[in-house]
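Input: a single structure, listed below in structure tokens.
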Amino acid sequence: MRASGWLRGVVILVDLRRRFIGAVRLGAVIVPLAVAAVLAALGSSITTATAVLVLVLVVVAFAAVGDRVAGLLAAVSSGLWFDFFLTEPLRQFAISDPDD
């Protein structure tokens, strides 16, 4: 009896995951944009390494909640927005310093 209750909970979670995977994938593209914009607004009060770690946490969160595609989308989006908002020249998809 107890195993069937546990199994029923797993089935419900898998069904919810399938139902909302599109929303998770969309969030995996949009949330890194918002996080990078907020980090850019904080300016010099945070280091580049801190910004990278925050964006990595976003990627890990979407990979854990979603699927591999959501994790990949979050990783690509984080990389693009890090380049756009947090590396010189700012607000361009270019990197002038190899250390960045």
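Labels for the structure tokens follow display order: chains A, B, ..., residues from 1 in each chain, ligands from 1.
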
- Test item, helix (DSSP H, G or I) assignment across chain A, answer as number ranges by chain: A: 2-45, 48-65, 68-86

- Task: Tell me which protein, DNA and RNA residues are within 12 Å of A:Asp67, counting only C-alpha atoms, leaving out same-chain ones fewer than 2 positions away, and put them as number ranges by chain.
- Result: A: 14, 17-18, 20-25, 28, 59-65, 69-74

- Message: At a cut-off of 8 Å, using only C-alpha atoms, what residues contact stretch 32-39 of chain A? Leave out same-chain residues fewer than 3 positions from it and give the result as number ranges by chain.
- Response: A: 28-29, 42-43, 46, 51, 55, 58, 74, 77-78, 81-82, 85-86

- Atomic distance atom CA of A:Gln92 - atom CA of A:Gly79, expressed in Å with one decimal: 12.9 Å
